[in-house]
Structures are given as C-alpha cells and as structure tokens.
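*Asks:* Below is the file input-v6.csv, which contains CSV, C-alpha atoms.
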chain,number,residue,atom,x,y,z
A,1,MET,CA,113.5,157.0,255.3
A,2,ALA,CA,113.5,160.7,256.4
A,3,TYR,CA,116.4,163.0,255.6
A,4,ILE,CA,118.0,165.6,257.8
A,5,ASN,CA,118.9,169.2,257.0
A,6,ASP,CA,122.6,168.6,256.3
A,7,ASN,CA,123.4,172.1,257.2
A,8,PHE,CA,123.1,171.1,260.9
A,9,ILE,CA,126.0,168.7,260.7
A,10,LYS,CA,128.2,171.3,259.2
A,11,ILE,CA,128.2,173.5,262.2
A,12,PRO,CA,130.3,172.8,265.3
A,13,ALA,CA,128.8,169.9,267.3
A,14,THR,CA,128.5,172.0,270.5
A,15,TYR,CA,127.5,175.6,271.1
A,16,LEU,CA,130.2,177.9,272.5
A,17,PHE,CA,128.7,178.1,276.0
A,18,SER,CA,128.0,174.4,276.1
A,19,GLU,CA,131.7,173.7,275.6
A,20,ILE,CA,132.5,176.1,278.3
A,21,ALA,CA,130.0,174.4,280.7
A,22,LYS,CA,131.6,171.0,279.8
A,23,ARG,CA,135.1,172.2,280.7
A,24,VAL,CA,133.9,173.8,283.9
A,25,ALA,CA,132.0,170.7,284.9
A,26,GLN,CA,135.1,168.6,284.3
A,27,HIS,CA,137.3,170.9,286.4
A,28,LYS,CA,134.8,170.8,289.2
A,29,THR,CA,134.7,167.0,289.1
A,30,GLU,CA,138.5,166.8,289.3
A,31,ASN,CA,138.6,169.6,292.0
A,32,PRO,CA,135.4,169.3,294.0
A,33,GLU,CA,136.6,171.9,296.5
A,34,ALA,CA,137.4,174.5,293.9
A,35,ASP,CA,135.8,177.9,294.5
A,36,ILE,CA,134.8,178.7,290.9
A,37,ILE,CA,133.8,182.3,290.0
A,38,ARG,CA,131.8,182.5,286.8
A,39,MET,CA,132.4,185.5,284.6
A,40,GLY,CA,131.8,183.8,281.2
A,41,ILE,CA,128.2,183.5,280.1
A,42,GLY,CA,126.2,186.8,280.2
A,43,ASP,CA,123.5,185.6,282.7
A,44,VAL,CA,122.4,188.1,285.3
A,45,THR,CA,122.7,187.4,289.0
A,46,LEU,CA,120.5,190.1,290.7
A,47,PRO,CA,116.7,189.4,291.1
A,48,LEU,CA,114.0,190.9,289.0
A,49,PRO,CA,112.8,194.5,289.8
A,50,ASP,CA,110.2,194.5,292.5
A,51,ALA,CA,107.8,196.4,290.2
A,52,SER,CA,108.0,193.5,287.7
A,53,VAL,CA,107.5,190.8,290.3
A,54,ASP,CA,104.5,192.7,291.8
A,55,ALA,CA,103.0,193.0,288.3
A,56,MET,CA,103.5,189.3,287.7
A,57,ILE,CA,101.8,188.4,290.9
A,58,THR,CA,98.9,190.6,290.1
A,59,ALA,CA,98.7,189.2,286.6
A,60,ALA,CA,98.9,185.6,287.9
A,61,ASN,CA,96.0,186.3,290.3
A,62,GLU,CA,94.0,187.5,287.4
A,63,GLN,CA,94.3,184.0,286.0
A,64,ARG,CA,92.3,182.7,289.0
A,65,LYS,CA,89.1,184.4,287.9
A,66,SER,CA,87.0,183.8,284.8
A,67,GLU,CA,86.3,187.5,284.2
A,68,THR,CA,90.1,188.4,284.1
A,69,PHE,CA,91.5,185.1,282.8
A,70,ARG,CA,93.6,185.4,279.6
A,71,GLY,CA,94.1,182.6,277.1
A,72,TYR,CA,95.8,183.1,273.8
A,73,GLY,CA,97.0,186.6,273.3
A,74,PRO,CA,98.0,188.5,270.2
A,75,GLU,CA,101.1,186.9,268.7
A,76,GLN,CA,102.8,190.3,268.2
A,77,GLY,CA,102.2,191.3,271.8
A,78,TYR,CA,99.6,193.0,273.9
A,79,ASP,CA,98.8,196.7,273.1
A,80,PHE,CA,99.6,197.7,276.7
A,81,LEU,CA,103.3,196.6,276.3
A,82,ARG,CA,103.7,197.7,272.7
A,83,ASN,CA,102.4,201.2,273.5
A,84,SER,CA,104.7,201.5,276.5
A,85,ILE,CA,107.6,200.5,274.3
A,86,VAL,CA,106.7,203.1,271.7
A,87,GLU,CA,106.4,205.9,274.3
A,88,ASN,CA,109.4,205.1,276.5
A,89,ASP,CA,112.0,203.6,274.1
A,90,PHE,CA,111.3,205.6,271.0
A,91,LYS,CA,109.1,208.7,271.3
A,92,SER,CA,111.1,209.8,274.3
A,93,ARG,CA,114.1,210.0,272.0
A,94,GLY,CA,112.3,211.7,269.2
A,95,ILE,CA,111.9,208.5,267.1
A,96,ASP,CA,108.7,207.9,265.2
A,97,ILE,CA,107.9,204.2,265.7
A,98,GLU,CA,104.3,202.9,265.7
A,99,ALA,CA,102.9,200.1,267.9
A,100,ASP,CA,102.2,197.8,264.9
A,101,GLU,CA,105.9,197.9,264.1
A,102,ILE,CA,106.7,196.3,267.5
A,103,PHE,CA,106.7,192.5,267.8
A,104,VAL,CA,107.0,191.2,271.4
A,105,SER,CA,108.8,187.9,271.7
A,106,ASP,CA,110.6,185.6,274.2
A,107,GLY,CA,113.9,187.3,273.7
A,108,ALA,CA,116.3,188.9,271.2
A,109,LYS,CA,118.2,185.6,270.8
A,110,SER,CA,115.1,183.9,269.3
A,111,ASP,CA,114.4,186.8,267.0
A,112,THR,CA,117.9,187.3,265.7
A,113,GLY,CA,118.0,183.6,265.0
A,114,ASN,CA,114.5,183.4,263.5
A,115,ILE,CA,114.6,186.5,261.3
A,116,GLY,CA,116.3,184.5,258.6
A,117,ASP,CA,113.0,182.8,257.9
A,118,ILE,CA,111.8,185.7,255.9
A,119,PHE,CA,115.0,186.1,253.7
A,120,GLY,CA,115.9,184.1,250.6
A,121,LEU,CA,118.9,181.8,250.5
A,122,GLN,CA,120.5,183.8,247.7
A,123,ASN,CA,121.3,186.8,250.0
A,124,ARG,CA,124.9,187.5,250.7
A,125,VAL,CA,125.3,188.1,254.5
A,126,ALA,CA,127.9,190.2,256.2
A,127,ILE,CA,128.8,189.6,259.8
A,128,THR,CA,131.2,191.4,262.1
A,129,ASP,CA,134.0,189.3,263.3
A,130,PRO,CA,134.0,188.6,266.3
A,131,SER,CA,130.2,188.3,266.7
A,132,TYR,CA,127.5,186.7,268.8
A,133,PRO,CA,127.5,183.0,267.6
A,134,VAL,CA,123.7,183.0,266.9
A,135,TYR,CA,124.2,185.2,263.8
A,136,VAL,CA,126.6,182.8,262.1
A,137,ASP,CA,125.1,179.5,263.3
A,138,THR,CA,121.5,180.3,262.2
A,139,ASN,CA,122.6,181.4,258.8
A,140,ALA,CA,124.6,178.1,258.5
A,141,MET,CA,121.5,176.2,259.6
A,142,GLY,CA,119.4,178.0,257.0
A,143,GLY,CA,121.8,177.3,254.2
A,144,ARG,CA,123.2,180.8,253.6
A,145,ALA,CA,126.6,180.3,255.0
A,146,GLY,CA,128.1,177.9,252.5
A,147,GLU,CA,130.8,175.5,253.8
A,148,PRO,CA,133.0,175.7,256.9
A,149,SER,CA,136.7,176.3,256.1
A,150,ALA,CA,139.8,175.3,258.0
A,151,SER,CA,140.2,178.9,259.3
A,152,GLY,CA,136.8,178.7,261.0
A,153,GLN,CA,135.1,181.0,258.5
A,154,TRP,CA,132.2,180.1,256.2
A,155,THR,CA,132.6,180.3,252.5
A,156,ASN,CA,129.5,182.3,251.7
A,157,LEU,CA,129.6,184.8,254.6
A,158,ILE,CA,131.3,188.1,254.3
A,159,TYR,CA,133.4,188.8,257.4
A,160,LEU,CA,134.0,192.3,258.7
A,161,PRO,CA,137.0,192.1,261.0
A,162,CYS,CA,136.9,194.2,264.2
A,163,ASN,CA,140.3,194.4,265.8
A,164,MET,CA,142.8,196.6,267.5
A,165,ALA,CA,144.1,197.9,264.1
A,166,ASN,CA,140.7,199.4,263.2
A,167,ASN,CA,139.8,200.2,266.9
A,168,PHE,CA,137.0,197.6,266.5
A,169,VAL,CA,135.1,199.7,264.0
A,170,PRO,CA,134.2,197.5,261.0
A,171,GLU,CA,135.0,198.7,257.5
A,172,LEU,CA,132.4,198.7,254.8
A,173,PRO,CA,132.2,195.5,252.7
A,174,LYS,CA,134.5,195.5,249.6
A,175,GLU,CA,131.8,193.4,247.7
A,176,LYS,CA,128.1,193.9,247.5
A,177,VAL,CA,126.1,192.3,250.4
A,178,ASP,CA,122.4,192.1,251.0
A,179,ILE,CA,122.1,191.6,254.8
A,180,ILE,CA,124.4,193.1,257.5
A,181,TYR,CA,124.4,192.1,261.1
A,182,LEU,CA,125.5,194.9,263.5
A,183,CYS,CA,125.4,194.7,267.3
A,184,TYR,CA,126.1,197.9,269.3
A,185,PRO,CA,127.0,198.2,272.1
A,186,ASN,CA,128.8,195.1,270.9
A,187,ASN,CA,128.8,191.6,272.2
A,188,PRO,CA,131.5,190.4,272.8
A,189,THR,CA,133.9,193.3,272.5
A,190,GLY,CA,131.9,195.9,274.5
A,191,THR,CA,132.8,198.6,271.9
A,192,THR,CA,130.4,201.0,270.3
A,193,LEU,CA,129.8,203.1,267.2
A,194,THR,CA,129.3,206.9,267.3
A,195,LYS,CA,126.3,208.4,265.5
A,196,GLU,CA,128.6,209.4,262.7
A,197,GLN,CA,130.1,205.9,262.3
A,198,LEU,CA,126.6,204.3,262.3
A,199,THR,CA,125.4,206.9,259.8
A,200,VAL,CA,128.1,205.5,257.4
A,201,TRP,CA,126.5,202.1,257.6
A,202,VAL,CA,122.9,203.4,257.1
A,203,ASN,CA,124.0,205.4,254.1
A,204,TYR,CA,125.8,202.3,252.7
A,205,ALA,CA,122.6,200.2,253.2
A,206,ARG,CA,120.4,202.8,251.5
A,207,GLU,CA,122.8,203.1,248.5
A,208,ASN,CA,123.2,199.3,248.1
A,209,ASN,CA,119.6,198.2,248.9
A,210,ALA,CA,120.8,196.2,251.8
A,211,ILE,CA,119.1,195.4,255.1
A,212,ILE,CA,120.8,196.0,258.5
A,213,LEU,CA,119.8,193.7,261.3
A,214,PHE,CA,120.7,195.8,264.4
A,215,ASP,CA,121.0,194.1,267.8
A,216,ALA,CA,120.6,196.8,270.4
A,217,ALA,CA,120.2,194.4,273.4
A,218,TYR,CA,122.7,196.4,275.5
A,219,GLU,CA,121.6,199.9,274.8
A,220,ALA,CA,120.6,200.6,278.4
A,221,TYR,CA,124.3,200.4,279.3
A,222,ILE,CA,125.4,203.3,277.1
A,223,THR,CA,127.0,206.1,279.2
A,224,GLU,CA,128.5,208.3,276.5
A,225,GLU,CA,126.6,211.1,274.7
A,226,ASN,CA,127.4,210.4,271.1
A,227,VAL,CA,126.5,206.7,271.1
A,228,PRO,CA,123.1,206.0,269.6
A,229,HIS,CA,120.7,203.9,271.6
A,230,SER,CA,118.8,202.9,268.5
A,231,ILE,CA,119.7,202.7,264.8
A,232,PHE,CA,116.5,204.7,264.2
A,233,GLU,CA,118.2,207.7,265.6
A,234,ILE,CA,120.0,207.9,262.2
A,235,GLU,CA,118.1,209.6,259.4
A,236,GLY,CA,116.9,207.1,256.8
A,237,ALA,CA,117.4,204.0,259.0
A,238,LYS,CA,113.6,203.2,259.0
A,239,ASP,CA,113.8,202.3,255.4
A,240,ILE,CA,116.6,199.7,255.7
A,241,ALA,CA,116.9,198.5,259.3
A,242,ILE,CA,115.3,196.0,261.7
A,243,GLU,CA,116.1,196.4,265.4
A,244,PHE,CA,116.2,193.8,268.2
A,245,ARG,CA,115.8,194.7,271.9
A,246,SER,CA,115.7,192.7,275.1
A,247,PHE,CA,114.6,192.9,278.7
A,248,SER,CA,117.1,190.2,279.7
A,249,LYS,CA,120.2,192.2,280.6
A,250,THR,CA,118.4,195.4,281.5
A,251,ALA,CA,115.7,194.1,283.8
A,252,GLY,CA,117.0,190.6,284.6
A,253,PHE,CA,114.6,188.7,282.3
A,254,THR,CA,117.1,186.1,281.3
A,255,GLY,CA,115.0,183.4,282.8
A,256,THR,CA,111.6,185.2,282.5
A,257,ARG,CA,112.1,185.7,278.7
A,258,CYS,CA,110.9,188.8,277.0
A,259,GLY,CA,112.2,191.0,274.2
A,260,TYR,CA,110.9,192.7,271.1
A,261,THR,CA,111.8,193.4,267.5
A,262,VAL,CA,111.1,196.6,265.5
A,263,VAL,CA,110.2,196.1,261.9
A,264,PRO,CA,109.2,199.4,260.3
A,265,LYS,CA,106.6,199.2,257.6
A,266,SER,CA,108.8,201.1,255.3
A,267,VAL,CA,111.5,198.3,255.2
A,268,THR,CA,111.1,196.3,252.0
A,269,ALA,CA,113.0,193.6,250.1
A,270,LEU,CA,112.5,192.0,246.7
A,271,SER,CA,110.6,188.9,245.7
A,272,GLU,CA,112.0,186.7,243.0
A,273,ASN,CA,109.9,188.5,240.4
A,274,GLY,CA,111.3,191.9,241.5
A,275,GLU,CA,108.3,193.1,243.5
A,276,LYS,CA,109.0,195.1,246.7
A,277,VAL,CA,107.5,193.3,249.7
A,278,SER,CA,107.0,194.8,253.2
A,279,LEU,CA,109.1,192.9,255.8
A,280,ASN,CA,106.7,194.0,258.5
A,281,LYS,CA,104.0,191.9,256.8
A,282,LEU,CA,106.3,188.9,256.3
A,283,TRP,CA,107.4,189.0,259.9
A,284,LEU,CA,103.8,189.2,261.1
A,285,ARG,CA,103.0,186.2,258.9
A,286,ARG,CA,105.9,184.3,260.3
A,287,GLN,CA,105.1,185.1,263.9
A,288,THR,CA,101.4,184.3,263.7
A,289,THR,CA,102.3,180.9,262.1
A,290,LYS,CA,105.2,179.8,264.3
A,291,PHE,CA,104.8,181.7,267.6
A,292,ASN,CA,101.8,181.9,270.0
A,293,GLY,CA,103.1,185.0,271.8
A,294,THR,CA,104.8,185.8,275.1
A,295,SER,CA,102.7,185.0,278.1
A,296,TYR,CA,100.4,187.7,279.5
A,297,VAL,CA,102.1,187.5,282.9
A,298,VAL,CA,105.5,188.1,281.5
A,299,GLN,CA,104.3,191.0,279.4
A,300,ARG,CA,102.8,192.7,282.4
A,301,ALA,CA,106.1,192.3,284.2
A,302,ALA,CA,107.9,193.9,281.2
A,303,GLU,CA,105.3,196.8,281.1
A,304,ALA,CA,106.1,197.4,284.8
A,305,THR,CA,109.7,198.3,284.0
A,306,TYR,CA,108.4,201.5,282.4
A,307,SER,CA,106.6,202.6,285.5
A,308,PRO,CA,108.3,205.3,287.6
A,309,GLU,CA,109.3,202.7,290.2
A,310,GLY,CA,110.3,200.2,287.5
A,311,LYS,CA,112.6,202.7,285.8
A,312,LYS,CA,114.4,203.5,289.0
A,313,GLN,CA,114.8,199.8,289.8
A,314,VAL,CA,116.1,198.9,286.3
A,315,ARG,CA,118.5,201.8,286.5
A,316,ALA,CA,119.8,200.5,289.8
A,317,LEU,CA,120.4,197.1,288.2
A,318,VAL,CA,122.3,198.6,285.2
A,319,ASP,CA,124.4,200.8,287.5
A,320,TYR,CA,125.3,197.8,289.7
A,321,TYR,CA,126.6,195.8,286.7
A,322,MET,CA,128.4,198.8,285.2
A,323,GLU,CA,130.2,199.3,288.5
A,324,ASN,CA,131.3,195.7,288.2
A,325,ALA,CA,132.5,196.5,284.7
A,326,ARG,CA,134.5,199.4,286.0
A,327,ILE,CA,136.1,197.2,288.7
A,328,ILE,CA,137.0,194.5,286.1
A,329,ARG,CA,138.4,196.9,283.6
A,330,HIS,CA,140.5,198.7,286.2
A,331,SER,CA,141.8,195.4,287.6
A,332,LEU,CA,142.7,193.9,284.3
A,333,GLU,CA,144.6,197.1,283.3
A,334,ALA,CA,146.4,197.0,286.6
A,335,ALA,CA,147.3,193.4,285.8
A,336,GLY,CA,148.9,194.6,282.6
A,337,LEU,CA,146.3,193.4,280.1
A,338,THR,CA,145.1,195.5,277.2
A,339,VAL,CA,141.3,195.9,277.5
A,340,TYR,CA,138.3,197.3,275.6
A,341,GLY,CA,134.7,197.8,276.5
A,342,GLY,CA,133.2,198.1,280.0
A,343,VAL,CA,132.3,201.8,279.4
A,344,ASN,CA,129.1,201.5,277.4
A,345,ALA,CA,128.6,197.7,277.8
A,346,PRO,CA,128.7,195.1,280.6
A,347,TYR,CA,131.5,193.2,278.8
A,348,ILE,CA,135.2,193.6,278.9
A,349,TRP,CA,137.3,192.4,276.0
A,350,ALA,CA,140.9,191.6,277.1
A,351,LYS,CA,144.0,190.8,275.0
A,352,THR,CA,145.6,187.6,276.3
A,353,PRO,CA,149.1,188.0,277.6
A,354,ASP,CA,152.2,187.0,275.6
A,355,GLY,CA,150.3,185.8,272.5
A,356,ILE,CA,148.6,183.0,274.4
A,357,GLY,CA,145.6,181.5,272.6
A,358,SER,CA,142.1,182.2,273.7
A,359,TRP,CA,141.2,178.7,274.8
A,360,GLU,CA,144.7,178.2,276.4
A,361,TYR,CA,144.2,181.3,278.5
A,362,PHE,CA,140.6,180.2,279.3
A,363,ASP,CA,142.0,176.9,280.6
A,364,TYR,CA,144.8,178.7,282.6
A,365,LEU,CA,142.3,181.0,284.3
A,366,LEU,CA,139.9,178.1,285.1
A,367,LYS,CA,142.6,175.7,286.4
A,368,GLU,CA,144.9,178.1,288.1
A,369,LYS,CA,142.6,180.9,289.3
A,370,ASN,CA,139.2,179.1,289.3
A,371,ILE,CA,137.8,182.0,287.1
A,372,VAL,CA,135.5,181.3,284.2
A,373,CYS,CA,135.7,183.7,281.2
A,374,THR,CA,134.7,183.3,277.6
A,375,PRO,CA,137.4,182.5,274.9
A,376,GLY,CA,137.4,185.1,272.2
A,377,ALA,CA,137.9,182.5,269.5
A,378,GLY,CA,134.5,181.2,270.2
A,379,PHE,CA,133.0,184.4,268.7
A,380,GLY,CA,134.9,184.0,265.4
A,381,PRO,CA,138.5,183.9,264.0
A,382,ALA,CA,139.1,187.6,264.8
A,383,GLY,CA,138.4,186.9,268.4
A,384,GLU,CA,141.5,184.7,268.7
A,385,GLY,CA,143.9,186.1,271.3
A,386,PHE,CA,141.2,187.7,273.4
A,387,VAL,CA,138.9,186.6,276.2
A,388,ARG,CA,135.6,188.2,277.3
A,389,PHE,CA,134.7,188.9,281.0
A,390,SER,CA,131.1,189.4,281.9
A,391,ALA,CA,130.1,192.1,284.6
A,392,PHE,CA,126.9,190.3,285.5
A,393,GLY,CA,128.2,188.7,288.7
A,394,ILE,CA,127.7,189.4,292.3
A,395,ARG,CA,129.9,192.3,293.5
A,396,GLU,CA,131.8,190.3,296.1
A,397,ASN,CA,132.6,187.6,293.6
A,398,THR,CA,133.8,190.2,291.0
A,399,ILE,CA,136.2,191.7,293.5
A,400,ARG,CA,137.5,188.3,294.7
A,401,ALA,CA,138.1,187.2,291.1
A,402,MET,CA,140.0,190.4,290.3
A,403,LYS,CA,142.2,190.0,293.4
A,404,ARG,CA,143.1,186.5,292.1
A,405,LEU,CA,144.1,188.0,288.8
A,406,GLU,CA,146.2,190.7,290.4
A,407,LYS,CA,148.2,188.1,292.2
Can you present the structure in this file as structure tokens?
*Replies:*
Amino acid sequence: MAYINDNFIKIPATYLFSEIAKRVAQHKTENPEADIIRMGIGDVTLPLPDASVDAMITAANEQRKSETFRGYGPEQGYDFLRNSIVENDFKSRGIDIEADEIFVSDGAKSDTGNIGDIFGLQNRVAITDPSYPVYVDTNAMGGRAGEPSASGQWTNLIYLPCNMANNFVPELPKEKVDIIYLCYPNNPTGTTLTKEQLTVWVNYARENNAIILFDAAYEAYITEENVPHSIFEIEGAKDIAIEFRSFSKTAGFTGTRCGYTVVPKSVTALSENGEKVSLNKLWLRRQTTKFNGTSYVVQRAAEATYSPEGKKQVRALVDYYMENARIIRHSLEAAGLTVYGGVNAPYIWAKTPDGIGSWEYFDYLLKEKNIVCTPGAGFGPAGEGFVRFSAFGIRENTIRAMKRLEK
C-alpha cells in the first residue's frame, strides 16, 4: 500500500481562486442572465504585444526546417533571453547581475512554489500577512508550516502582519527566522516599500544569516521614484536574496507562461555539517533534474518585449491597466471605502464597509452587483475585512462595474 504526503490533507481542500470560481459558477447557474464583471483573479485581458506574437510566428516557422529546428533547450534558458534580461532589467539600473544567475521558467508562481525544494525542513519561515497563497501552501506541502490552527495560521510559520496600523509595512520578526518572503509591489494589498524600508530588511537578513525570497512580479507598475524595482538595488542584497520576475502581468504572458528567477552566486546557505553551499548551484541542479526548460518559441516572444517596439507595446499595456487602477481607486473612494494600492500596482485593497466580513462582502458584490472581487481573508488572517480588486479588466467593464458600486 502506498502512502500519501499527509501535509497535502492539512491544507484547505480548495485553492482560493478555485473557491471563487465555484461561487461564481453557482451564481451564474442560478441567474443565467446575470451580467457578471470579473475583477477578482489577476488574469490579463489585453492581447499579447505584436512584437511578441511576430517573434512567436517567426520562431514557430523555424521549427518547420531541419536547419533551424530546436529540440531540447538549456533548462536555465537560452542565452539570447538571459542576456536581454541582464541588459534591460538590471544593467540599465546599475545592477551587476550575470547571465548564469538568471533562470528562465514558466512563470513566477512555479518558481516561488518550487524554491522550497532546495531548503531544509528545519528552516523557520516568515511570511507577510496577507500574502499570495502560494507562499503558505507550498511550505505547508513541504512540511515546514507545522499544523493549521483555528485562526487560519500555521504553527511553524512566523506571520508578519501588514495592516492599517502599520501602514502595511511589516515589522521585523521578534524571533529569529531563516527564510523571509517579501512581495513588492505587494500582492494583494498593492502597497510598496521605499528603498529605505527595504534596506532595513536587507540589513536584517545579513545580520541574521537569513535568505529573502523577493517576488518582484509587479515591478513594471511602479510609478513613484523612491520605490525599488529590484531588491538588488539595495547594497548587500546579492548576498542574501533571490528574486522572482514574470512576463505575465507586464506583457500578457499569463497563458503563454514565462518568467525568471535570479539566484546570485554569492547567496549561500548551510548544509547539515555547517558547510556554506551556493544556492545558485543547488537551483541549477534542481532545474536540470525537474524542468526541461521554457519553450524556444515562448522565449523568443519574451525576448521581443525588450526590442524598441516591444518596450513601447508593453508600456502601453501597463499604462492601460494602471488607468483602470486609477478609475477603480477613485470610484471606491467616492463610494466611501478606505482604499490602498492602485498607485504602484494593478491591485486595489479596499476595507469592507461597516465591519462586514471579506467573504460576506464578496457574496454581496456578486449577488447584488454582479461584480467579482477577491476576499481578503483568502490571503491570510490579516486580510479579513478587506477585498481586492484587480485592474486587469477591459476598460468598459471596469467603468460599468464602478458605476454599479457608486449606485
């Protein structure tokens, strides 16, 4: 008889967005004529940049001919894309990252979930609350989270509350931790850390031999000057941080699937016998064993986002969604809600009215307004009393949804 990994039956039976889809489907069944506007899941609605589509077509045509056909590629990514990433995302900001520190993947979600493979179970993990569910769930699956409690928290995770009282800036852990998840611009709250605030975390990690796992999937949406686009803008971060990036929300690759992870060769952790081991080497070993690489066609599409035309087209996509964010933020404020985010991120984090619970307000908006948002409680206990609105919709639908709310 085979045995399961019991950690899987400790976590909630359904993923947050699966539960949302279930409730929306039930509402649609009961109200088949309902005009539902979806502002919950962070999926994009605009098509891919023309530069990327053209590059995909060219790459696909190369697969017709034996002299240009590509089979297995390098698991860590083709040099043409890795070099483009280095030049455009890092050197252009004065950051010294080398191509062999870049690992191309099928998206930031996969890498933020899989990165735990290279860390031991004895690590104490700190997670901001609320946070992207993948951080918590994959640590629970891996056996680092302990047991779920009645409050919704896990016994072995260290929670760093982000709330109105601290202006959504997490305080340093009061007990020693080994791994810290930070996501900025933040999903779900849409808030950010300044360079000075992020420096505090880098200094803490250096002083305590901790590793920061920095999710920068939304860096393209930053509009304010003092907000870092990469943790590697902070002095000393290359010794203690791993960074995750994505083409999903910037260039519309949610269905095409492409992202990358930066693991500097200077980042190390200890083996059981006390030896310092390069995490770059461990991640390379993990990827070459479990991953066959992102397709050549997709990597050519990602490379095209760095062309002059591609950059303009990606900027237009980001500007479109950020105008949606402005409309949502303004409308929610006009409706009397307290809101955060929407300035450096495509998410707006709204306080529910009159102390209504997150799921209760979700159900109200779905059933009474035919609007789908995301309950804040789904992102952790500190998210209770909030809902998240996504700016990734079509402009017309965004405006119509906000008019419903204003009424």
*Asks:* So, with all atoms listed in the file as the atoms that count, which of A:Glu219, A:Glu396, A:Asp89, A:Asp363 lies closest to Gln26 in chain A?
*Replies:*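 Nearest candidate to Gln26 in chain A out of A:Glu219, A:Glu396, A:Asp89, A:Asp363: A:Asp363.
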*Asks:* For CA of Thr29 in chain A and CA of Glu406 in chain A, quote the distance in Å rounded to one decimal.
*Replies:* 26.4 Å
*Asks:* Which polymer residues have any atom within 12 Å of an atom of Glu333 in chain A, counting all atoms listed in the file, with same-chain residues fewer than 6 positions away left out, as a VMD selection string?
*Replies:* chain A and resid 326 to 327 339 to 340 342 348 to 353 402 405 to 406
*Asks:* Could you check which of A:Phe103, A:Phe247, A:Tyr296, A:Tyr159 is closest to Ala60 in chain A, using only C-alpha atoms?
*Replies:*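 For Ala60 in chain A, the nearest of the candidates is A:Tyr296.
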*Asks:* Would you kindly return, as a list of chain:residue names, each protein, DNA or RNA residue with an atom no farther than 9 Å from any atom of Val297 in chain A, considering all atoms listed in the file and excluding same-chain residues fewer than 5 positions away?
*Replies:* A:Ala55, A:Met56, A:Ile57, A:Thr58, A:Ala59, A:Ala60, A:Ala302
*Asks:* For Val372 in chain A, which residue out of A:Pro170, A:Gly341, A:Gly393, A:Pro133 is the nearest one, using only C-alpha atoms?
*Replies:*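 Comparing A:Pro170, A:Gly341, A:Gly393, A:Pro133 against Val372 in chain A, the winner is A:Gly393.
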*Asks:* Give the answer as one residue: which of A:Thr398, A:Asn344, A:Ser295, A:Asn61 has the shortest atom-to-atom distance to Gly73 in chain A, using only C-alpha atoms?
*Replies:*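 Among the listed residues, the smallest separation from Gly73 in chain A belongs to A:Ser295.
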*Asks:* When you count all atoms listed in the file, which of these residues is closest to Asn163 in chain A: A:Asp111, A:Asn31, A:Thr223, A:Thr128?
*Replies:*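 Once distances to Asn163 in chain A are computed over all atoms listed in the file, the minimum belongs to A:Thr128.
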*Asks:* Report, in Å to a single decimal, how far apart CA of Tyr15 in chain A and CA of Leu157 in chain A are.
*Replies:*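 Between CA of Leu157 in chain A and CA of Tyr15 in chain A the gap is 19.0 Å.
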*Asks:* Provide the CA of Gly40 in chain A to CA of Lys403 in chain A distance in Å, to one decimal place.
*Replies:* 17.2 Å
*Asks:* Go through A:Gly146, A:Asp215, A:Glu303, A:Tyr3 and flag the residue nearest Asp79 in chain A, using only C-alpha atoms for the distances.
*Replies:*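 Under the stated criterion, the closest residue is A:Glu303.
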*Asks:* Could you list as a PyMOL selection string every residue that has an atom within 12 Å of (143.5, 187.4, 291.5), using the file's coordinates and counting only C-alpha atoms?
*Replies:* chain A and resi 37+328+331-332+334-335+365-366+368-371+397-407
*Asks:* Neighbouring residues of range 277-292 of chain A were defined as those with any atom within 9 Å, considering all atoms listed in the file; residues of the same chain fewer than 2 positions away were excluded. Please report them as a PyMOL selection string.
*Replies:* chain A and resi 72-76+100-101+103+105+115+117-118+262-271+275+294-295
*Asks:* Extract, using only C-alpha atoms, all DNA, RNA and protein residues at most 9 Å from Glu98 in chain A, discarding same-chain residues fewer than 5 positions from it, and format them as a PyMOL selection string.
*Replies:* chain A and resi 82-83+86+264
*Asks:* Can you check which parts of range 26-120 of chain A lie within 10 Å of range 142-145 of chain A? Per residue, the shortest pair of atoms and distance in Å to one decimal, counting only C-alpha atoms, sorted by chain and number, as CSV.
*Replies:*
residue,atom,partner,partner_atom,distance
A:Gly113,CA,A:Gly142,CA,9.9
A:Asn114,CA,A:Gly142,CA,9.8
A:Gly116,CA,A:Gly142,CA,7.4
A:Asp117,CA,A:Gly142,CA,8.1
A:Phe119,CA,A:Arg144,CA,9.8
A:Gly120,CA,A:Arg144,CA,8.6
